[in-house]
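Asks: My structure is in input-v8.cif, and what it holds is mmCIF, N, CA and C atoms and all ligand atoms:
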```cif
data_target
#
loop_
_atom_site.label_atom_id
_atom_site.label_comp_id
_atom_site.auth_asym_id
_atom_site.auth_seq_id
_atom_site.Cartn_x
_atom_site.Cartn_y
_atom_site.Cartn_z
N MET T 273 0.85 -1.20 0.00
CA MET T 273 0.00 0.00 0.00
C MET T 273 0.89 1.25 0.00
N SER T 274 1.31 1.71 -1.17
CA SER T 274 2.15 2.91 -1.21
C SER T 274 1.26 4.15 -1.32
N THR T 275 1.88 5.28 -1.08
CA THR T 275 1.13 6.53 -1.09
C THR T 275 1.55 7.39 -2.26
N PRO T 276 0.60 7.77 -3.12
CA PRO T 276 0.97 8.64 -4.24
C PRO T 276 1.30 10.03 -3.74
N SER T 277 2.12 10.76 -4.48
CA SER T 277 2.53 12.09 -4.03
C SER T 277 1.33 13.02 -3.91
N THR T 278 0.27 12.73 -4.68
CA THR T 278 -0.88 13.63 -4.66
C THR T 278 -1.91 13.26 -3.59
N TYR T 279 -1.70 12.15 -2.90
CA TYR T 279 -2.66 11.75 -1.86
C TYR T 279 -2.49 12.65 -0.65
N ASP T 280 -3.58 13.22 -0.18
CA ASP T 280 -3.55 14.13 0.97
C ASP T 280 -3.81 13.33 2.25
N GLU T 281 -2.78 13.16 3.04
CA GLU T 281 -2.90 12.37 4.28
C GLU T 281 -3.86 13.00 5.28
N ASN T 282 -4.23 14.25 5.05
CA ASN T 282 -5.13 14.93 5.99
C ASN T 282 -6.57 14.93 5.53
N ASN T 283 -6.89 14.16 4.47
CA ASN T 283 -8.30 14.12 4.07
C ASN T 283 -9.12 13.43 5.17
N ILE T 284 -10.40 13.72 5.18
CA ILE T 284 -11.26 13.30 6.30
C ILE T 284 -11.32 11.78 6.47
N PHE T 285 -11.25 11.03 5.37
CA PHE T 285 -11.33 9.57 5.50
C PHE T 285 -10.00 9.00 6.02
N ALA T 286 -8.89 9.65 5.67
CA ALA T 286 -7.59 9.23 6.25
C ALA T 286 -7.63 9.43 7.76
N LYS T 287 -8.26 10.52 8.20
CA LYS T 287 -8.38 10.80 9.64
C LYS T 287 -9.27 9.77 10.32
N ILE T 288 -10.35 9.37 9.63
CA ILE T 288 -11.22 8.31 10.18
C ILE T 288 -10.43 7.01 10.30
N LEU T 289 -9.66 6.68 9.27
CA LEU T 289 -8.87 5.44 9.28
C LEU T 289 -7.83 5.44 10.41
N ARG T 290 -7.29 6.60 10.74
CA ARG T 290 -6.30 6.69 11.82
C ARG T 290 -6.96 6.80 13.19
N GLY T 291 -8.30 6.85 13.18
CA GLY T 291 -9.03 6.92 14.45
C GLY T 291 -9.01 8.31 15.07
N GLU T 292 -8.65 9.33 14.25
CA GLU T 292 -8.58 10.69 14.78
C GLU T 292 -9.95 11.35 14.87
N ILE T 293 -10.85 10.92 14.00
CA ILE T 293 -12.24 11.36 14.13
C ILE T 293 -13.15 10.13 14.04
N PRO T 294 -14.30 10.20 14.70
CA PRO T 294 -15.16 9.01 14.76
C PRO T 294 -15.95 8.79 13.48
N CYS T 295 -16.48 7.57 13.36
CA CYS T 295 -17.42 7.28 12.28
C CYS T 295 -18.43 6.29 12.82
N ASP T 296 -19.54 6.20 12.11
CA ASP T 296 -20.59 5.25 12.49
C ASP T 296 -20.31 3.96 11.72
N LYS T 297 -19.49 3.13 12.33
CA LYS T 297 -18.94 1.96 11.62
C LYS T 297 -19.98 0.84 11.42
N ILE T 298 -19.96 0.30 10.20
CA ILE T 298 -20.86 -0.79 9.82
C ILE T 298 -20.08 -2.09 9.67
N TYR T 299 -18.84 -1.97 9.18
CA TYR T 299 -18.06 -3.18 8.83
C TYR T 299 -16.58 -2.80 8.80
N GLU T 300 -15.73 -3.74 9.22
CA GLU T 300 -14.29 -3.52 9.10
C GLU T 300 -13.58 -4.86 8.95
N ASP T 301 -12.59 -4.90 8.07
CA ASP T 301 -11.69 -6.06 8.02
C ASP T 301 -10.29 -5.54 7.70
N GLU T 302 -9.40 -6.44 7.33
CA GLU T 302 -8.00 -6.08 7.12
C GLU T 302 -7.82 -4.96 6.07
N PHE T 303 -8.64 -4.99 5.03
CA PHE T 303 -8.43 -4.10 3.90
C PHE T 303 -9.48 -3.00 3.75
N THR T 304 -10.59 -3.14 4.44
CA THR T 304 -11.77 -2.34 4.11
C THR T 304 -12.47 -1.81 5.36
N LEU T 305 -13.03 -0.60 5.24
CA LEU T 305 -13.87 -0.03 6.30
C LEU T 305 -15.15 0.47 5.64
N CYS T 306 -16.26 0.28 6.34
CA CYS T 306 -17.55 0.81 5.85
C CYS T 306 -18.22 1.54 7.00
N PHE T 307 -18.73 2.73 6.68
CA PHE T 307 -19.42 3.53 7.70
C PHE T 307 -20.56 4.31 7.05
N LYS T 308 -21.44 4.85 7.91
CA LYS T 308 -22.59 5.60 7.39
C LYS T 308 -22.15 6.96 6.90
N ASP T 309 -22.72 7.39 5.77
CA ASP T 309 -22.46 8.75 5.29
C ASP T 309 -23.08 9.73 6.28
N ILE T 310 -22.34 10.79 6.59
CA ILE T 310 -22.78 11.76 7.59
C ILE T 310 -23.97 12.59 7.07
N THR T 311 -24.12 12.69 5.76
CA THR T 311 -25.25 13.42 5.15
C THR T 311 -25.98 12.47 4.21
N PRO T 312 -26.81 11.58 4.78
CA PRO T 312 -27.41 10.53 3.94
C PRO T 312 -28.34 11.07 2.87
N LYS T 313 -28.20 10.53 1.66
CA LYS T 313 -29.04 10.92 0.53
C LYS T 313 -30.11 9.86 0.23
N ALA T 314 -30.19 8.85 1.07
CA ALA T 314 -31.18 7.78 0.92
C ALA T 314 -31.33 7.13 2.30
N PRO T 315 -32.40 6.37 2.53
CA PRO T 315 -32.58 5.75 3.84
C PRO T 315 -31.35 4.95 4.29
N THR T 316 -30.73 4.27 3.35
CA THR T 316 -29.43 3.64 3.64
C THR T 316 -28.40 4.31 2.75
N HIS T 317 -27.38 4.88 3.36
CA HIS T 317 -26.30 5.52 2.59
C HIS T 317 -24.98 5.21 3.30
N LEU T 318 -24.25 4.26 2.72
CA LEU T 318 -23.00 3.81 3.32
C LEU T 318 -21.83 4.18 2.41
N LEU T 319 -20.66 4.31 3.02
CA LEU T 319 -19.43 4.54 2.27
C LEU T 319 -18.50 3.38 2.56
N VAL T 320 -17.99 2.77 1.50
CA VAL T 320 -17.03 1.68 1.64
C VAL T 320 -15.68 2.20 1.15
N ILE T 321 -14.66 2.09 1.99
CA ILE T 321 -13.34 2.61 1.61
C ILE T 321 -12.25 1.56 1.84
N PRO T 322 -11.24 1.56 0.97
CA PRO T 322 -10.07 0.71 1.24
C PRO T 322 -9.24 1.37 2.34
N LYS T 323 -8.51 0.56 3.10
CA LYS T 323 -7.66 1.12 4.14
C LYS T 323 -6.38 1.74 3.57
N GLY T 324 -6.01 1.30 2.37
CA GLY T 324 -4.82 1.86 1.73
C GLY T 324 -5.09 3.27 1.22
N ALA T 325 -4.00 4.01 0.98
CA ALA T 325 -4.09 5.41 0.57
C ALA T 325 -4.25 5.51 -0.94
N TYR T 326 -5.48 5.47 -1.41
CA TYR T 326 -5.78 5.57 -2.84
C TYR T 326 -6.70 6.75 -3.08
N LEU T 327 -6.33 7.52 -4.09
CA LEU T 327 -7.02 8.77 -4.40
C LEU T 327 -8.44 8.56 -4.92
N ASN T 328 -8.57 7.62 -5.81
CA ASN T 328 -9.87 7.41 -6.47
C ASN T 328 -9.91 6.00 -7.08
N ILE T 329 -10.97 5.68 -7.79
CA ILE T 329 -11.15 4.31 -8.29
C ILE T 329 -10.06 3.95 -9.32
N VAL T 330 -9.59 4.94 -10.07
CA VAL T 330 -8.55 4.68 -11.07
C VAL T 330 -7.23 4.34 -10.37
N ASP T 331 -6.90 5.14 -9.38
CA ASP T 331 -5.69 4.91 -8.59
C ASP T 331 -5.75 3.54 -7.90
N PHE T 332 -6.93 3.21 -7.35
CA PHE T 332 -7.12 1.92 -6.67
C PHE T 332 -6.89 0.76 -7.65
N GLY T 333 -7.51 0.85 -8.83
CA GLY T 333 -7.36 -0.21 -9.83
C GLY T 333 -5.93 -0.36 -10.32
N LYS T 334 -5.21 0.75 -10.39
CA LYS T 334 -3.84 0.71 -10.91
C LYS T 334 -2.84 0.22 -9.87
N ARG T 335 -2.97 0.67 -8.64
CA ARG T 335 -1.89 0.44 -7.67
C ARG T 335 -2.20 -0.58 -6.58
N ALA T 336 -3.48 -0.84 -6.32
CA ALA T 336 -3.80 -1.77 -5.21
C ALA T 336 -3.41 -3.20 -5.60
N SER T 337 -3.09 -3.99 -4.58
CA SER T 337 -2.75 -5.40 -4.82
C SER T 337 -4.03 -6.18 -5.13
N LYS T 338 -3.84 -7.39 -5.70
CA LYS T 338 -4.99 -8.26 -5.97
C LYS T 338 -5.75 -8.55 -4.68
N GLU T 339 -5.01 -8.75 -3.60
CA GLU T 339 -5.62 -9.04 -2.29
C GLU T 339 -6.51 -7.88 -1.83
N GLU T 340 -6.02 -6.67 -2.00
CA GLU T 340 -6.80 -5.50 -1.57
C GLU T 340 -8.07 -5.35 -2.42
N ILE T 341 -7.91 -5.53 -3.74
CA ILE T 341 -9.05 -5.38 -4.65
C ILE T 341 -10.08 -6.48 -4.38
N ASP T 342 -9.58 -7.70 -4.25
CA ASP T 342 -10.46 -8.82 -3.95
C ASP T 342 -11.17 -8.60 -2.61
N GLY T 343 -10.39 -8.21 -1.60
CA GLY T 343 -10.95 -7.98 -0.26
C GLY T 343 -12.01 -6.89 -0.28
N PHE T 344 -11.74 -5.83 -1.04
CA PHE T 344 -12.67 -4.70 -1.10
C PHE T 344 -14.03 -5.15 -1.67
N PHE T 345 -13.98 -5.86 -2.81
CA PHE T 345 -15.26 -6.22 -3.45
C PHE T 345 -15.97 -7.36 -2.74
N LYS T 346 -15.23 -8.24 -2.07
CA LYS T 346 -15.88 -9.25 -1.21
C LYS T 346 -16.62 -8.54 -0.08
N ALA T 347 -15.97 -7.50 0.47
CA ALA T 347 -16.60 -6.74 1.55
C ALA T 347 -17.87 -6.05 1.06
N VAL T 348 -17.80 -5.45 -0.14
CA VAL T 348 -18.99 -4.78 -0.70
C VAL T 348 -20.15 -5.77 -0.79
N SER T 349 -19.87 -6.97 -1.28
CA SER T 349 -20.94 -7.98 -1.41
C SER T 349 -21.50 -8.36 -0.05
N GLN T 350 -20.60 -8.58 0.91
CA GLN T 350 -21.05 -8.96 2.25
C GLN T 350 -21.91 -7.87 2.88
N ILE T 351 -21.45 -6.62 2.75
CA ILE T 351 -22.19 -5.49 3.33
C ILE T 351 -23.56 -5.36 2.66
N ALA T 352 -23.59 -5.47 1.34
CA ALA T 352 -24.87 -5.34 0.61
C ALA T 352 -25.86 -6.40 1.08
N GLU T 353 -25.38 -7.58 1.34
CA GLU T 353 -26.28 -8.65 1.82
C GLU T 353 -26.68 -8.42 3.26
N GLU T 354 -25.72 -8.11 4.11
CA GLU T 354 -26.01 -7.93 5.54
C GLU T 354 -26.91 -6.72 5.80
N GLN T 355 -26.78 -5.69 4.96
CA GLN T 355 -27.57 -4.47 5.18
C GLN T 355 -28.90 -4.50 4.40
N ASN T 356 -29.25 -5.67 3.89
CA ASN T 356 -30.53 -5.85 3.17
C ASN T 356 -30.64 -4.96 1.93
N LEU T 357 -29.52 -4.67 1.28
CA LEU T 357 -29.56 -3.87 0.06
C LEU T 357 -29.68 -4.76 -1.16
N SER T 358 -29.13 -5.95 -1.04
CA SER T 358 -28.99 -6.83 -2.19
C SER T 358 -30.32 -7.22 -2.82
N GLN T 359 -31.26 -7.63 -1.98
CA GLN T 359 -32.53 -8.15 -2.50
C GLN T 359 -33.38 -7.09 -3.17
N SER T 360 -33.51 -5.93 -2.51
CA SER T 360 -34.38 -4.87 -3.04
C SER T 360 -33.67 -4.02 -4.08
N GLY T 361 -32.36 -4.12 -4.14
CA GLY T 361 -31.59 -3.34 -5.10
C GLY T 361 -31.03 -2.07 -4.48
N PHE T 362 -29.98 -1.59 -5.08
CA PHE T 362 -29.31 -0.39 -4.56
C PHE T 362 -28.44 0.21 -5.65
N ARG T 363 -27.85 1.34 -5.35
CA ARG T 363 -26.96 2.00 -6.32
C ARG T 363 -25.58 2.15 -5.70
N SER T 364 -24.55 1.88 -6.48
CA SER T 364 -23.18 2.13 -6.00
C SER T 364 -22.55 3.18 -6.91
N ILE T 365 -21.92 4.16 -6.28
CA ILE T 365 -21.36 5.30 -7.01
C ILE T 365 -19.95 5.58 -6.52
N ALA T 366 -19.04 5.78 -7.45
CA ALA T 366 -17.68 6.22 -7.10
C ALA T 366 -17.42 7.53 -7.81
N ASN T 367 -17.75 8.63 -7.17
CA ASN T 367 -17.45 9.94 -7.76
C ASN T 367 -15.95 10.08 -7.91
N THR T 368 -15.53 10.58 -9.05
CA THR T 368 -14.09 10.65 -9.33
C THR T 368 -13.71 12.00 -9.91
N GLY T 369 -12.81 12.69 -9.23
CA GLY T 369 -12.24 13.94 -9.75
C GLY T 369 -13.25 15.08 -9.87
N LEU T 370 -12.81 16.08 -10.59
CA LEU T 370 -13.57 17.33 -10.72
C LEU T 370 -14.94 17.13 -11.36
N ASN T 371 -14.97 16.53 -12.54
CA ASN T 371 -16.25 16.35 -13.23
C ASN T 371 -17.16 15.38 -12.50
N GLY T 372 -16.57 14.46 -11.77
CA GLY T 372 -17.37 13.49 -11.00
C GLY T 372 -17.89 14.05 -9.69
N GLY T 373 -17.40 15.24 -9.33
CA GLY T 373 -17.87 15.87 -8.09
C GLY T 373 -17.32 15.21 -6.83
N GLN T 374 -16.13 14.63 -6.92
CA GLN T 374 -15.52 13.99 -5.75
C GLN T 374 -15.07 15.05 -4.75
N GLU T 375 -15.58 14.92 -3.53
CA GLU T 375 -15.23 15.90 -2.49
C GLU T 375 -14.10 15.40 -1.60
N VAL T 376 -14.10 14.12 -1.30
CA VAL T 376 -13.08 13.57 -0.40
C VAL T 376 -12.08 12.76 -1.24
N PRO T 377 -10.80 13.17 -1.23
CA PRO T 377 -9.82 12.53 -2.11
C PRO T 377 -9.21 11.24 -1.55
N HIS T 378 -10.10 10.34 -1.15
CA HIS T 378 -9.73 8.97 -0.79
C HIS T 378 -10.81 8.10 -1.41
N PHE T 379 -10.40 7.10 -2.22
CA PHE T 379 -11.39 6.29 -2.94
C PHE T 379 -12.49 5.80 -2.00
N HIS T 380 -13.73 6.00 -2.41
CA HIS T 380 -14.87 5.50 -1.64
C HIS T 380 -15.99 5.14 -2.60
N LEU T 381 -16.71 4.10 -2.22
CA LEU T 381 -17.88 3.67 -2.97
C LEU T 381 -19.11 3.99 -2.12
N HIS T 382 -20.01 4.80 -2.70
CA HIS T 382 -21.29 5.06 -2.01
C HIS T 382 -22.20 3.87 -2.28
N LEU T 383 -22.88 3.36 -1.26
CA LEU T 383 -23.95 2.36 -1.43
C LEU T 383 -25.24 3.02 -0.96
N LEU T 384 -26.18 3.19 -1.89
CA LEU T 384 -27.43 3.90 -1.59
C LEU T 384 -28.62 3.00 -1.84
N GLY T 385 -29.52 2.96 -0.89
CA GLY T 385 -30.70 2.12 -1.07
C GLY T 385 -31.73 2.37 0.01
N GLY T 386 -32.64 1.42 0.14
CA GLY T 386 -33.71 1.56 1.14
C GLY T 386 -34.97 2.18 0.57
N LYS T 387 -34.91 2.65 -0.67
CA LYS T 387 -36.09 3.14 -1.39
C LYS T 387 -35.75 3.15 -2.87
N LYS T 388 -36.78 3.32 -3.71
CA LYS T 388 -36.52 3.41 -5.16
C LYS T 388 -35.88 4.77 -5.43
N LEU T 389 -34.72 4.76 -6.05
CA LEU T 389 -33.97 5.99 -6.25
C LEU T 389 -34.36 6.67 -7.56
N GLY T 390 -34.12 7.97 -7.63
CA GLY T 390 -34.47 8.74 -8.82
C GLY T 390 -33.40 8.65 -9.90
N ALA T 391 -33.38 9.68 -10.74
CA ALA T 391 -32.45 9.71 -11.87
C ALA T 391 -31.00 9.60 -11.41
N LEU T 392 -30.21 8.93 -12.19
CA LEU T 392 -28.80 8.72 -11.82
C LEU T 392 -28.01 10.02 -11.85
N VAL T 393 -28.20 10.81 -12.88
CA VAL T 393 -27.39 12.02 -13.03
C VAL T 393 -28.29 13.24 -12.98
N GLY T 394 -27.97 14.17 -12.05
CA GLY T 394 -28.74 15.40 -11.94
C GLY T 394 -28.18 16.46 -12.88
N GLN T 395 -28.54 17.71 -12.65
CA GLN T 395 -28.09 18.82 -13.52
C GLN T 395 -26.62 19.11 -13.28
P1 LIG T 401 -17.91 12.46 -2.62
O1 LIG T 401 -18.60 13.69 -3.07
O2 LIG T 401 -18.16 11.27 -3.48
O3 LIG T 401 -16.43 12.70 -2.36
O4 LIG T 401 -18.59 12.07 -1.24
C1 LIG T 401 -18.04 12.34 0.01
C2 LIG T 401 -19.09 11.92 1.01
O5 LIG T 401 -18.47 11.87 2.28
C3 LIG T 401 -20.29 12.85 1.12
O6 LIG T 401 -21.48 12.13 0.83
C4 LIG T 401 -20.24 13.32 2.59
O7 LIG T 401 -21.53 13.45 3.16
C5 LIG T 401 -19.43 12.23 3.24
N1 LIG T 401 -18.71 12.60 4.45
C6 LIG T 401 -17.92 13.69 4.62
N2 LIG T 401 -17.41 13.70 5.86
C7 LIG T 401 -17.86 12.58 6.48
C8 LIG T 401 -17.69 12.01 7.77
N3 LIG T 401 -16.92 12.61 8.70
N4 LIG T 401 -18.32 10.86 8.07
C9 LIG T 401 -19.11 10.25 7.15
N5 LIG T 401 -19.30 10.73 5.90
C10 LIG T 401 -18.70 11.89 5.57
#
```
Give the structure from this file in structure tokens form.

Replies:
Amino acid sequence: MSTPSTYDENNIFAKILRGEIPCDKIYEDEFTLCFKDITPKAPTHLLVIPKGAYLNIVDFGKRASKEEIDGFFKAVSQIAEEQNLSQSGFRSIANTGLNGGQEVPHFHLHLLGGKKLGALVGQ
């Protein structure tokens, strides 16, 4: 798990991973942490993040080990099933960079569900 020069160690999710600020934890294992989004946009709104320092989904795919990538997506599946998202359906979003509207520069997957969601892309 190396750190790219552009990764900001002081981003809010890095602070959560270091235990410097709290989170409403749903799941944790060796490679992955999942917690509730602080500003939920759906009845269930979770964020799944790798523990390694990855800027976004592209950086994660390029630099993460097979173990980390495998662990991350196994965790997503487990969380989706345990949180009752799988059966009724849900949306997963990885906002990336400027055009994607990414606010926190640590790769995260939003899991949104608990009701029928509206249009995928707004204005
Ligand atoms: P994005 O725009 O994809 O970067 O999404 C960042 C998300 O992180 C937003 O949905 C925020 O509500 C959420 N967020 C920011 N700070 C926290 C925090 N301390 N705990 C949980 N979620 C947070």

Asks: Using all atoms listed in the file, find each residue with an atom at most 6.5 Å away from ligand LIG 401 (chain T) and format the answer as a ChimeraX atom specification.

Replies: /T:284,294-296,307-312,366-368,373-377

Asks: Would you mind reading off the distance between atom N of Leu370 (chain T) and CA of Phe285 (chain T), one decimal, in Å?

Replies: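 Separation of atom N of Leu370 (chain T) and CA of Phe285 (chain T): 17.4 Å.
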
Asks: How many Å separate CA of Asn282 (chain T) from CA of Ala325 (chain T)?

Replies: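 Straight-line distance from CA of Asn282 (chain T) to CA of Ala325 (chain T) works out to 11.0 Å.
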
Asks: What does the structure give for the distance between CA of Ile321 (chain T) and CA of Leu384 (chain T), in Å to one decimal?

Replies: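 According to the coordinates, CA of Ile321 (chain T) and CA of Leu384 (chain T) are separated by 14.5 Å.
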
Asks: As a count of residues only, please: every residue in chain T that DSSP puts in strand (DSSP E or B).

Replies: 25

Asks: Counting only N, CA and C atoms, find the residues whose atoms lie at most 7 Å from (-10.9, 0.6, -0.9) (file coordinates) and write them out as JSON, numbers by chain.

Replies: {"T": [303, 304, 305, 320, 321, 322, 323, 324, 340, 344, 379, 380, 381]}

Asks: DSSP says helix (DSSP H, G or I) for which residues of region 294-359 of chain T? Put them as a list in words?

Replies: Ile329, Val330, Asp331, Phe332, Gly333, Lys334, Arg335, Lys338, Glu339, Glu340, Ile341, Asp342, Gly343, Phe344, Phe345, Lys346, Ala347, Val348, Ser349, Gln350, Ile351, Ala352, Glu353 and Glu354 of chain T

Asks: Just checking: using only C-alpha atoms, which residue out of T:Lys346, T:Lys338, T:Arg363, T:Lys297 ends up closest to Gly386 (chain T)?

Replies: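 Looking at the shortest contact to Gly386 (chain T), the residue is T:Arg363.
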
Asks: Closest to Ala286 (chain T) among T:Tyr326, T:Tyr299, T:Phe332, T:Phe345, using only C-alpha atoms?

Replies: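 Nearest to Ala286 (chain T): T:Tyr326.
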
Asks: Point out the residue among T:Ile298, T:Ile365, T:Leu289, T:Ile351 with the least atom-to-atom distance to Ile329 (chain T), counting only C-alpha atoms.

Replies: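 So, comparing all the options, the nearest one is T:Ile365.
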